[in-house]
Each structure stands twice: as structure tokens, then as C-alpha cells.
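Worksheet for the structure shown next.
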Amino acid sequence: MEDLVQEKQIKDALQSILQDSVDTGVPGIVAAISNSQGLIWSSSAGQASLEKSQPVDTTYLFGIGSITKVFVAVVIFQLIEEKRLTLSTKLGEILSPDVLDGIANASEATIDILLNHTSGVESWEDDPTWRVAGRGSDLEPTKIWGKTDPLKYICRPNPSGPKPGDWDYSNSGYTLLGLAIEKLTGRTAESEIRRRILEPLGMRSTFLEGFEEPREGSIPNRYHWATETFIESAGICPAFTKPREDLINASTSNLSVEWTAGGIMSSASDLLKFITALRDGRLVSASSLDVMRTWRPAEETTEQGHGIFRWTSPKGYGTWIGHHGGVLGFTASLWWKEEGDVAVCILSNVGTMHCGDVPSSSGRVFARSHFLELAIELSVFR
């Protein structure tokens, strides 16, 4: 009986953390926790639609942003295991010059350094012109971007740009890896992700927006913090509305511009199936997973692997492996604890990209609240 009371207290505290995030301004948030036995807790707080006062629930699908890169990395390592390529294979050996010409450092970049963001290939996301066209005042919300379209923004000399060997986070690298998957397999990257990952794991809610039909589950309205930083760096698309002074409604947009760098939509339960399958060696071999977990310094408290990060909690909640994601209208966090048996997923329908400091997001709940401490405690009850 005492254990049941304590378990309820933990779940109530987790719910309070979600509600605190909503109280600080996040429209809607969903979170879930699993261990080797499966899903052990999931809940939600806030609204799928502020305009209609429609509550969000755990069945909703969210943009997962750069967590998409983990899926791409898994496919790449599967292709390596099939001897279709190696970590030392250069992009110029796979993709034609018409794709790579004009992109600094691209043709000589190996699969190895593309995966761990040390290729020296500039990220299209960092280009000011793309920022306005891809997320800001020049955005055409209903446009479906071509897979190579974002690369056009970095087809220019960039002597002051990133250098090979230095860590510099690059969406372009994963756009190029998506193109490499297509060239090597003769099939679309999205169909390879589906065939190799989604179908075997029964991930029925997951799809690459703009390139596949929506799957099971509803999509909430997508909001973005309308901070002064965002307005100055990107501007606001004239087609978007403002349900609150601090938010824009970007629901008429889509994630096609992100593609294999960040375009997947998914649910919390689907994502936990994926990350635990990766952790447990059901998607790649033990040797491939070891390479994915070859760490180098990236940012404070964070190390970069091949497609994944390792993050050490400054609050003392241990070391976690996974990825955050952020796109127009969404933020996402998906991580497993390096020592122990617990994985967490947090999704919210508000974007933070180019915003500077914001009141809250999925990443803030993950890193700055007591969510992880409670998740660890809950995992021992199941």
C-alpha cells in the first residue's frame, strides 16, 4: 500500500510539472516514460488549440525536429552493416557533382564526420536568407519544399564558415545523408525509414511530413514564441495569426523544408518504442551502437556521438543519451538514461527556434525541472 501511495505521489508531481509549463505559457505538452517492461506513464496538459479551447492528449502527433536525425543515423548504420558504404566513404563517391558543387567541404566530407557534425558543411538553418524564407516573413506556408531546395542557400563560397574537424551543428549534413540513402538504395529516404524502422517496430503514428500521408493520430495547432529575437531574425509570416501577444499560430505551415534533418511527425508512445529499440540493440548491431556512442565535446554538459548526444544533468540526475528537436511550431525531447532502465519523451506544440530566451518548452522541462528525477523514481516501481 505504501508503494502505491508513493507511486501516485510521483505521478501527481509529474503532472504538476507539465501544468507548470502550461502555466508559464506553453500551449500544450505531452510526456511519457518507459522502461524495459514498456510504457509506464503518459500524460498531457494544456491545449491542442488555444483558439478552440481543445485539450491536447497523449494520442496527438508533434513535429520532432532533429530527433529525425537519429532515424537517419540508424538507416546509415544499417547500410554500413550491409556493406553498402563505410564511415570513410566520401559524399563525392555517392552523390553527383550537380548536387554537391558549390557547397563548401561537401564532396570530401565522409559519412563519419557528417554524422557527428564535424564535416565543415555549413547548415542551411544558419543562413539569414533561409531563416526568413523557411520560417519567417517570406515563408509560403503551403509550399512543399524539394529535398535539395535548402541546399541552395549554402551554394556559395564561405571562407569564414565552419572548418572540417570542428564541431558545428549542421542540418545540411543530414539533408545530404538523406540524399545518400536514396542514391544507395534506389528508394526514397522516407520509405527506407518506414521499411527499416517504423514497420518493424509497429510505429503507426509516425511519418515524414510533406513526403508521406499523415498516420494515426491528430496534429495539434503549431505555435511559435513571438519574441523580439525571432521577429528580428526571421520576421512573422503574414499568413500567421497571433492568438496571444507572445505567440504566433503557424498551423498552416508544414515541415517539408526539414525533411531528413527534422521533418518527422510522431507520438510520444511511438518515439519511446524507437529509442528503447535503439538502446537495446534491436535496430543496429552492438558494434554500430558503440560507434554511435563514440563521444566528443560539443556544448557545455553535452557530448556529440554519431546521430545522438550524451548529456549530463547539472542537477545530478545522471547521464542521458538521445536528442532534442525544435522546428517551427514544435519542440521535442527523447532520451534514455545511460545507467538504469528508463527512457523519457516530452513533446510540446510551441517552437523556440531563433527565439532566444523563452518561458518554457519540452527541452526546459527535460533539463531544468525535476522531471528526470521523478522518472527515475517511477521506473523502479514497474
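Order determines the names: the first chain of the C-alpha cells is A, the second B, and so forth; residues in each chain are numbered 1 upward, and ligands are numbered 1 upward as they are shown.
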
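Every protein or nucleic acid residue with an atom no more than 12 Å from Leu139 (chain A), counting only C-alpha atoms and leaving out same-chain residues fewer than 6 positions away, appears here: Thr129, Trp130, Arg131, Val132, Ala133, Trp145, Ala234, Gly235, Ile236, Cys237, Pro238, Ala239, Phe240, Ala250, Thr252, Ser253, Asn254, Leu255, Val257 and Leu328 of chain A.
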
Selected residues written out, all heavy atoms, as a short mmCIF file (atom, residue, chain, number, x, y, z; two decimals), in the first residue's frame:
```cif
data_model
loop_
_atom_site.label_atom_id
_atom_site.label_comp_id
_atom_site.auth_asym_id
_atom_site.auth_seq_id
_atom_site.Cartn_x
_atom_site.Cartn_y
_atom_site.Cartn_z
N THR A 129 19.07 34.39 -45.01
CA THR A 129 18.05 34.42 -46.06
C THR A 129 17.12 33.22 -45.94
O THR A 129 15.90 33.35 -46.09
CB THR A 129 18.72 34.43 -47.45
OG1 THR A 129 19.63 35.53 -47.52
CG2 THR A 129 17.68 34.58 -48.55
N TRP A 130 17.71 32.04 -45.66
CA TRP A 130 16.85 30.86 -45.46
C TRP A 130 15.93 31.06 -44.27
O TRP A 130 14.76 30.69 -44.31
CB TRP A 130 17.68 29.59 -45.23
CG TRP A 130 16.75 28.45 -44.97
CD1 TRP A 130 16.16 27.65 -45.89
CD2 TRP A 130 16.21 28.05 -43.69
NE1 TRP A 130 15.29 26.77 -45.29
CE2 TRP A 130 15.30 27.00 -43.93
CE3 TRP A 130 16.40 28.47 -42.38
CZ2 TRP A 130 14.60 26.37 -42.90
CZ3 TRP A 130 15.70 27.85 -41.37
CH2 TRP A 130 14.81 26.81 -41.63
N ARG A 131 16.44 31.64 -43.20
CA ARG A 131 15.65 31.81 -41.98
C ARG A 131 14.36 32.58 -42.27
O ARG A 131 13.28 32.23 -41.78
CB ARG A 131 16.48 32.54 -40.93
CG ARG A 131 15.96 32.46 -39.52
CD ARG A 131 16.93 33.14 -38.57
NE ARG A 131 18.26 32.55 -38.64
CZ ARG A 131 19.38 33.23 -38.60
NH1 ARG A 131 19.36 34.55 -38.49
NH2 ARG A 131 20.55 32.62 -38.67
N VAL A 132 14.47 33.60 -43.10
CA VAL A 132 13.29 34.41 -43.46
C VAL A 132 12.37 33.61 -44.39
O VAL A 132 11.14 33.65 -44.25
CB VAL A 132 13.74 35.72 -44.13
CG1 VAL A 132 12.54 36.50 -44.66
CG2 VAL A 132 14.53 36.58 -43.13
N ALA A 133 12.96 32.86 -45.32
CA ALA A 133 12.16 32.10 -46.29
C ALA A 133 11.61 30.81 -45.71
O ALA A 133 10.52 30.35 -46.10
CB ALA A 133 13.00 31.79 -47.53
N TRP A 145 8.58 21.94 -50.00
CA TRP A 145 9.95 22.17 -50.45
C TRP A 145 10.51 20.91 -51.11
O TRP A 145 10.24 19.78 -50.68
CB TRP A 145 10.84 22.54 -49.26
CG TRP A 145 10.60 23.91 -48.72
CD1 TRP A 145 9.45 24.39 -48.15
CD2 TRP A 145 11.55 24.99 -48.67
NE1 TRP A 145 9.62 25.69 -47.75
CE2 TRP A 145 10.89 26.09 -48.05
CE3 TRP A 145 12.87 25.13 -49.06
CZ2 TRP A 145 11.52 27.30 -47.84
CZ3 TRP A 145 13.51 26.34 -48.84
CH2 TRP A 145 12.84 27.42 -48.24
N ALA A 234 13.92 36.50 -38.12
CA ALA A 234 13.14 35.80 -39.14
C ALA A 234 11.95 36.61 -39.64
O ALA A 234 11.61 36.54 -40.83
CB ALA A 234 12.65 34.45 -38.59
N GLY A 235 11.32 37.35 -38.77
CA GLY A 235 10.07 38.03 -39.13
C GLY A 235 8.90 37.07 -39.03
O GLY A 235 9.08 35.86 -38.87
N ILE A 236 7.71 37.59 -39.13
CA ILE A 236 6.50 36.78 -38.99
C ILE A 236 5.80 36.68 -40.33
O ILE A 236 5.54 37.69 -40.99
CB ILE A 236 5.55 37.37 -37.93
CG1 ILE A 236 6.22 37.32 -36.56
CG2 ILE A 236 4.23 36.59 -37.90
CD1 ILE A 236 5.40 37.94 -35.45
N CYS A 237 5.49 35.46 -40.74
CA CYS A 237 4.76 35.22 -41.98
C CYS A 237 3.41 35.94 -41.92
O CYS A 237 2.66 35.78 -40.95
CB CYS A 237 4.55 33.72 -42.18
SG CYS A 237 3.48 33.29 -43.55
N PRO A 238 3.06 36.73 -42.94
CA PRO A 238 1.79 37.48 -42.91
C PRO A 238 0.56 36.59 -42.82
O PRO A 238 -0.50 37.04 -42.36
CB PRO A 238 1.81 38.24 -44.25
CG PRO A 238 3.25 38.31 -44.63
CD PRO A 238 3.88 37.06 -44.12
N ALA A 239 0.69 35.31 -43.23
CA ALA A 239 -0.46 34.41 -43.18
C ALA A 239 -0.73 33.87 -41.77
O ALA A 239 -1.79 33.30 -41.52
CB ALA A 239 -0.23 33.23 -44.13
N PHE A 240 0.21 34.07 -40.84
CA PHE A 240 0.04 33.56 -39.49
C PHE A 240 -0.75 34.53 -38.63
O PHE A 240 -0.69 35.76 -38.83
CB PHE A 240 1.40 33.31 -38.84
CG PHE A 240 2.21 32.21 -39.46
CD1 PHE A 240 3.57 32.10 -39.19
CD2 PHE A 240 1.64 31.29 -40.33
CE1 PHE A 240 4.33 31.08 -39.76
CE2 PHE A 240 2.38 30.27 -40.91
CZ PHE A 240 3.73 30.18 -40.62
N ALA A 250 1.28 28.99 -36.38
CA ALA A 250 1.91 28.60 -37.65
C ALA A 250 1.30 27.33 -38.23
O ALA A 250 1.95 26.60 -38.98
CB ALA A 250 3.41 28.40 -37.43
N THR A 252 -0.74 26.63 -40.53
CA THR A 252 -0.89 26.45 -41.97
C THR A 252 0.41 26.02 -42.65
O THR A 252 0.42 25.73 -43.85
CB THR A 252 -1.38 27.74 -42.63
OG1 THR A 252 -0.51 28.82 -42.27
CG2 THR A 252 -2.80 28.07 -42.18
N SER A 253 1.51 25.95 -41.89
CA SER A 253 2.80 25.57 -42.45
C SER A 253 2.99 24.05 -42.37
O SER A 253 2.16 23.31 -41.83
CB SER A 253 3.93 26.28 -41.71
OG SER A 253 4.00 25.85 -40.36
N ASN A 254 4.10 23.59 -42.92
CA ASN A 254 4.44 22.17 -42.88
C ASN A 254 5.96 22.03 -42.69
O ASN A 254 6.69 23.01 -42.76
CB ASN A 254 3.97 21.45 -44.14
CG ASN A 254 4.68 21.97 -45.38
OD1 ASN A 254 5.81 21.59 -45.70
ND2 ASN A 254 4.00 22.88 -46.12
N LEU A 255 6.42 20.80 -42.48
CA LEU A 255 7.82 20.56 -42.17
C LEU A 255 8.63 20.04 -43.36
O LEU A 255 9.72 19.49 -43.17
CB LEU A 255 7.93 19.55 -41.01
CG LEU A 255 7.28 19.96 -39.69
CD1 LEU A 255 7.50 18.88 -38.63
CD2 LEU A 255 7.83 21.30 -39.21
N VAL A 257 10.45 21.48 -45.49
CA VAL A 257 11.78 22.08 -45.61
C VAL A 257 12.81 21.33 -44.76
O VAL A 257 14.01 21.33 -45.07
CB VAL A 257 11.74 23.57 -45.22
CG1 VAL A 257 11.46 23.75 -43.74
CG2 VAL A 257 13.03 24.28 -45.61
N LEU A 328 9.67 24.93 -36.55
CA LEU A 328 8.59 25.90 -36.49
C LEU A 328 7.34 25.23 -35.91
O LEU A 328 6.77 24.32 -36.49
CB LEU A 328 8.28 26.44 -37.89
CG LEU A 328 7.26 27.58 -37.97
CD1 LEU A 328 7.78 28.83 -37.26
CD2 LEU A 328 6.92 27.90 -39.43
#
```

Q. Using only C-alpha atoms, which residues sit within 7 Å of region 304-308 of chain A once same-chain residues fewer than 2 positions away are excluded, as a ChimeraX atom specification?
A. /A:69-70,73,115-116,291-298,302,310,321-323

Closest contacts (region 220-250 of chain A/region 344-354 of chain A, max 10 Å, only C-alpha atoms) as a Markdown table:
```
| residue | atom | partner | partner_atom | distance |
| --- | --- | --- | --- | --- |
| A:Pro220 | CA | A:Asn349 | CA | 6.9 |
| A:Asn221 | CA | A:Asn349 | CA | 6.9 |
| A:Arg222 | CA | A:Asn349 | CA | 5.2 |
| A:Tyr223 | CA | A:Val350 | CA | 4.6 |
| A:His224 | CA | A:Gly351 | CA | 4.4 |
| A:Trp225 | CA | A:Thr352 | CA | 6.1 |
| A:Ala226 | CA | A:Thr352 | CA | 9.0 |
| A:Thr227 | CA | A:His354 | CA | 8.8 |
| A:Glu228 | CA | A:His354 | CA | 9.8 |
| A:Thr229 | CA | A:His354 | CA | 6.7 |
| A:Phe230 | CA | A:His354 | CA | 5.1 |
| A:Ile231 | CA | A:His354 | CA | 8.7 |
| A:Glu232 | CA | A:His354 | CA | 9.2 |
| A:Ser233 | CA | A:His354 | CA | 6.8 |
| A:Ala234 | CA | A:His354 | CA | 7.5 |
| A:Leu247 | CA | A:Val350 | CA | 8.5 |
| A:Ile248 | CA | A:Val350 | CA | 9.2 |
| A:Asn249 | CA | A:Val350 | CA | 9.1 |
| A:Ala250 | CA | A:Val350 | CA | 9.4 |
```

Would you mind exporting N, CA and C atoms of the selected residues as a compact mmCIF listing (two decimals), in the first residue's frame?
```txt
# COMPACT_ATOMS: atom_id res chain seq x y z
N PRO A 220 -1.89 18.76 -33.41
CA PRO A 220 -2.38 19.98 -32.75
C PRO A 220 -2.00 21.21 -33.56
N ASN A 221 -2.59 22.33 -33.22
CA ASN A 221 -2.09 23.59 -33.77
C ASN A 221 -0.62 23.74 -33.40
N ARG A 222 0.11 24.35 -34.32
CA ARG A 222 1.54 24.57 -34.07
C ARG A 222 1.78 26.06 -33.82
N TYR A 223 2.33 26.35 -32.67
CA TYR A 223 2.57 27.73 -32.24
C TYR A 223 4.08 27.98 -32.16
N HIS A 224 4.45 29.25 -32.14
CA HIS A 224 5.87 29.61 -32.02
C HIS A 224 5.96 30.87 -31.18
N TRP A 225 6.99 30.91 -30.31
CA TRP A 225 7.17 32.09 -29.47
C TRP A 225 7.49 33.30 -30.36
N ALA A 226 6.72 34.36 -30.18
CA ALA A 226 6.90 35.59 -30.97
C ALA A 226 7.78 36.57 -30.21
N THR A 227 9.00 36.14 -29.92
CA THR A 227 9.92 37.00 -29.18
C THR A 227 10.51 38.08 -30.09
N GLU A 228 11.06 39.11 -29.48
CA GLU A 228 11.73 40.14 -30.28
C GLU A 228 12.87 39.54 -31.09
N THR A 229 13.56 38.57 -30.52
CA THR A 229 14.67 37.92 -31.23
C THR A 229 14.17 37.23 -32.48
N PHE A 230 13.06 36.50 -32.38
CA PHE A 230 12.51 35.82 -33.55
C PHE A 230 12.07 36.83 -34.60
N ILE A 231 11.40 37.87 -34.18
CA ILE A 231 10.91 38.87 -35.13
C ILE A 231 12.06 39.55 -35.85
N GLU A 232 13.14 39.83 -35.13
CA GLU A 232 14.30 40.49 -35.73
C GLU A 232 15.06 39.57 -36.68
N SER A 233 15.15 38.28 -36.36
CA SER A 233 15.98 37.37 -37.15
C SER A 233 15.22 36.71 -38.29
N ALA A 234 13.92 36.50 -38.12
CA ALA A 234 13.14 35.80 -39.14
C ALA A 234 11.95 36.61 -39.64
N LEU A 247 2.64 34.75 -28.90
CA LEU A 247 2.63 33.54 -29.73
C LEU A 247 2.12 33.84 -31.13
N ILE A 248 2.69 33.11 -32.11
CA ILE A 248 2.09 33.08 -33.45
C ILE A 248 1.55 31.68 -33.70
N ASN A 249 0.49 31.61 -34.49
CA ASN A 249 -0.10 30.33 -34.90
C ASN A 249 0.43 30.01 -36.30
N ALA A 250 1.28 28.99 -36.38
CA ALA A 250 1.91 28.60 -37.65
C ALA A 250 1.30 27.33 -38.23
```

Q. Nearest to Ser160 (chain A) among A:Ala104, A:Ala180, A:Ala332, A:Leu283, with distances taken over only C-alpha atoms: which residue is it?
A. A:Ala104

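Nearest residue to Phe77 (chain A), choosing from A:Ser170, A:Thr175, A:Ser288, A:Asn158 and counting only C-alpha atoms: A:Ser288.
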
(Q) List as JSON, numbers by chain the protein and nucleic acid residues near region 10-20 of chain A, meaning an atom at most 12 Å away when only C-alpha atoms are counted, but skip any in the same chain fewer than 3 places from it. (A) {"A": [3, 4, 5, 6, 7, 23, 24, 25, 26, 27, 28, 29, 30, 31, 32, 33, 40, 41, 42, 43, 44, 45, 46, 47, 56, 344, 346, 347, 348, 359, 360, 361, 362, 364, 365, 366, 368, 369, 370, 371, 372, 373, 374, 375, 376, 377, 378, 379, 380, 381]}

Q. Of the residues A:Asp101, A:Asp246, A:Glu299, A:Glu212, which is the one nearest to Pro157 (chain A), using only C-alpha atoms?
A.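 Comparing A:Asp101, A:Asp246, A:Glu299, A:Glu212 against Pro157 (chain A), the winner is A:Asp101.
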
Q: Identify, on the basis of only C-alpha atoms, every residue whose closest approach to Gly165 (chain A) does not exceed 7 Å; exclude the query and any residue fewer than 5 positions from it along the same chain; express the result as a list of chain:residue names.
A: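 Here the qualifying residues turn out to be A:Thr118, A:Ser119, A:Gly120.
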
Q: Have a look at A:Lys183, A:Val22, A:Lys337, A:Lys8 and name the one nearest to Leu50 (chain A); count only C-alpha atoms.
A: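 Comparing A:Lys183, A:Val22, A:Lys337, A:Lys8 against Leu50 (chain A), the winner is A:Val22.
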
Q) Could you name the residues that touch Ser123 (chain A) at 10 Å or less, counting only C-alpha atoms, but leaving out those on the same chain fewer than 2 positions away, as a count of residues only? A) 20

**Q.** Point-to-point distance from CA of Trp335 (chain A) to CA of Leu177 (chain A), Å rounded to tenths
**A.**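 We find that CA of Trp335 (chain A) and CA of Leu177 (chain A) lie 22.5 Å from each other.
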
Q) So which bits of region 240-330 of chain A end up strand (DSSP E) when you DSSP the backbone, as a PyMOL selection string? A) chain A and resi 241-244+247-249+264-266+296-299+302-304+309-312+319-327+330

Would you output that residue set with N, CA, C and O atoms, as a compact mmCIF listing (two decimals), in the first residue's frame?
```txt
# COMPACT_ATOMS: atom_id res chain seq x y z
N THR A 241 -1.47 33.99 -37.66
CA THR A 241 -2.24 34.80 -36.72
C THR A 241 -1.54 34.79 -35.36
O THR A 241 -0.61 34.01 -35.13
N LYS A 242 -2.01 35.66 -34.47
CA LYS A 242 -1.43 35.74 -33.12
C LYS A 242 -2.55 35.53 -32.10
O LYS A 242 -3.28 36.47 -31.77
N PRO A 243 -2.70 34.30 -31.58
CA PRO A 243 -3.74 34.07 -30.57
C PRO A 243 -3.44 34.76 -29.25
O PRO A 243 -4.35 35.02 -28.46
N ARG A 244 -2.15 35.03 -29.01
CA ARG A 244 -1.71 35.81 -27.86
C ARG A 244 -0.59 36.71 -28.32
O ARG A 244 0.04 36.47 -29.35
N LEU A 247 2.64 34.75 -28.90
CA LEU A 247 2.63 33.54 -29.73
C LEU A 247 2.12 33.84 -31.13
O LEU A 247 1.22 34.67 -31.31
N ILE A 248 2.69 33.11 -32.11
CA ILE A 248 2.09 33.08 -33.45
C ILE A 248 1.55 31.68 -33.70
O ILE A 248 2.06 30.69 -33.18
N ASN A 249 0.49 31.61 -34.49
CA ASN A 249 -0.10 30.33 -34.90
C ASN A 249 0.43 30.01 -36.30
O ASN A 249 0.07 30.66 -37.27
N ILE A 264 10.11 14.70 -39.29
CA ILE A 264 9.21 13.63 -38.84
C ILE A 264 8.17 14.17 -37.86
O ILE A 264 8.45 15.01 -37.02
N MET A 265 6.95 13.65 -38.00
CA MET A 265 5.87 13.84 -37.01
C MET A 265 5.67 12.51 -36.30
O MET A 265 5.70 11.45 -36.93
N SER A 266 5.44 12.55 -34.98
CA SER A 266 5.27 11.30 -34.25
C SER A 266 4.57 11.54 -32.93
O SER A 266 4.30 12.68 -32.54
N ARG A 296 32.50 13.05 -28.39
CA ARG A 296 33.45 14.15 -28.45
C ARG A 296 32.76 15.38 -27.89
O ARG A 296 31.51 15.47 -27.91
N PRO A 297 33.49 16.34 -27.35
CA PRO A 297 32.85 17.52 -26.76
C PRO A 297 32.03 18.28 -27.81
O PRO A 297 32.42 18.41 -28.97
N ALA A 298 30.89 18.78 -27.36
CA ALA A 298 30.04 19.60 -28.24
C ALA A 298 29.74 20.92 -27.54
O ALA A 298 30.40 21.92 -27.76
N GLU A 299 28.77 20.92 -26.65
CA GLU A 299 28.43 22.10 -25.89
C GLU A 299 28.57 21.78 -24.40
O GLU A 299 28.82 20.64 -24.02
N THR A 302 27.29 18.60 -22.72
CA THR A 302 26.82 17.77 -23.82
C THR A 302 27.99 17.28 -24.67
O THR A 302 28.89 18.03 -25.00
N GLU A 303 27.93 15.98 -25.03
CA GLU A 303 28.89 15.39 -25.94
C GLU A 303 28.18 14.87 -27.18
O GLU A 303 27.03 14.42 -27.09
N GLN A 304 28.86 14.92 -28.31
CA GLN A 304 28.28 14.50 -29.58
C GLN A 304 28.76 13.11 -29.95
O GLN A 304 29.95 12.81 -29.92
N PHE A 309 23.37 12.38 -28.87
CA PHE A 309 24.14 13.15 -27.89
C PHE A 309 24.17 12.42 -26.55
O PHE A 309 23.31 11.58 -26.26
N ARG A 310 25.15 12.78 -25.74
CA ARG A 310 25.16 12.38 -24.33
C ARG A 310 25.16 13.65 -23.49
O ARG A 310 26.00 14.53 -23.69
N TRP A 311 24.24 13.73 -22.56
CA TRP A 311 24.05 14.93 -21.75
C TRP A 311 24.12 14.57 -20.28
O TRP A 311 23.48 13.60 -19.84
N THR A 312 24.86 15.33 -19.52
CA THR A 312 24.98 15.12 -18.09
C THR A 312 24.15 16.15 -17.35
O THR A 312 24.35 17.36 -17.52
N THR A 319 23.43 10.68 -16.44
CA THR A 319 23.82 10.92 -17.82
C THR A 319 22.78 10.29 -18.74
O THR A 319 22.37 9.14 -18.53
N TRP A 320 22.40 11.03 -19.78
CA TRP A 320 21.31 10.61 -20.67
C TRP A 320 21.79 10.64 -22.12
O TRP A 320 22.62 11.47 -22.50
N ILE A 321 21.25 9.73 -22.92
CA ILE A 321 21.61 9.63 -24.34
C ILE A 321 20.36 9.83 -25.18
O ILE A 321 19.31 9.23 -24.91
N GLY A 322 20.45 10.67 -26.19
CA GLY A 322 19.29 10.91 -27.05
C GLY A 322 19.45 12.17 -27.87
O GLY A 322 20.55 12.50 -28.34
N HIS A 323 18.34 12.91 -28.01
CA HIS A 323 18.37 14.09 -28.88
C HIS A 323 17.19 15.00 -28.52
O HIS A 323 16.12 14.53 -28.14
N HIS A 324 17.41 16.30 -28.67
CA HIS A 324 16.32 17.28 -28.65
C HIS A 324 15.93 17.60 -30.09
O HIS A 324 16.67 17.32 -31.04
N GLY A 325 14.77 18.23 -30.25
CA GLY A 325 14.34 18.68 -31.57
C GLY A 325 13.56 19.97 -31.46
O GLY A 325 12.81 20.18 -30.50
N GLY A 326 13.74 20.84 -32.44
CA GLY A 326 12.98 22.08 -32.49
C GLY A 326 12.78 22.53 -33.92
O GLY A 326 13.74 22.58 -34.70
N VAL A 327 11.54 22.82 -34.28
CA VAL A 327 11.19 23.32 -35.61
C VAL A 327 10.11 24.39 -35.45
O VAL A 327 9.70 24.70 -34.33
N PHE A 330 7.03 23.44 -32.95
CA PHE A 330 7.16 22.28 -32.07
C PHE A 330 8.53 22.24 -31.40
O PHE A 330 9.53 22.68 -31.97
```
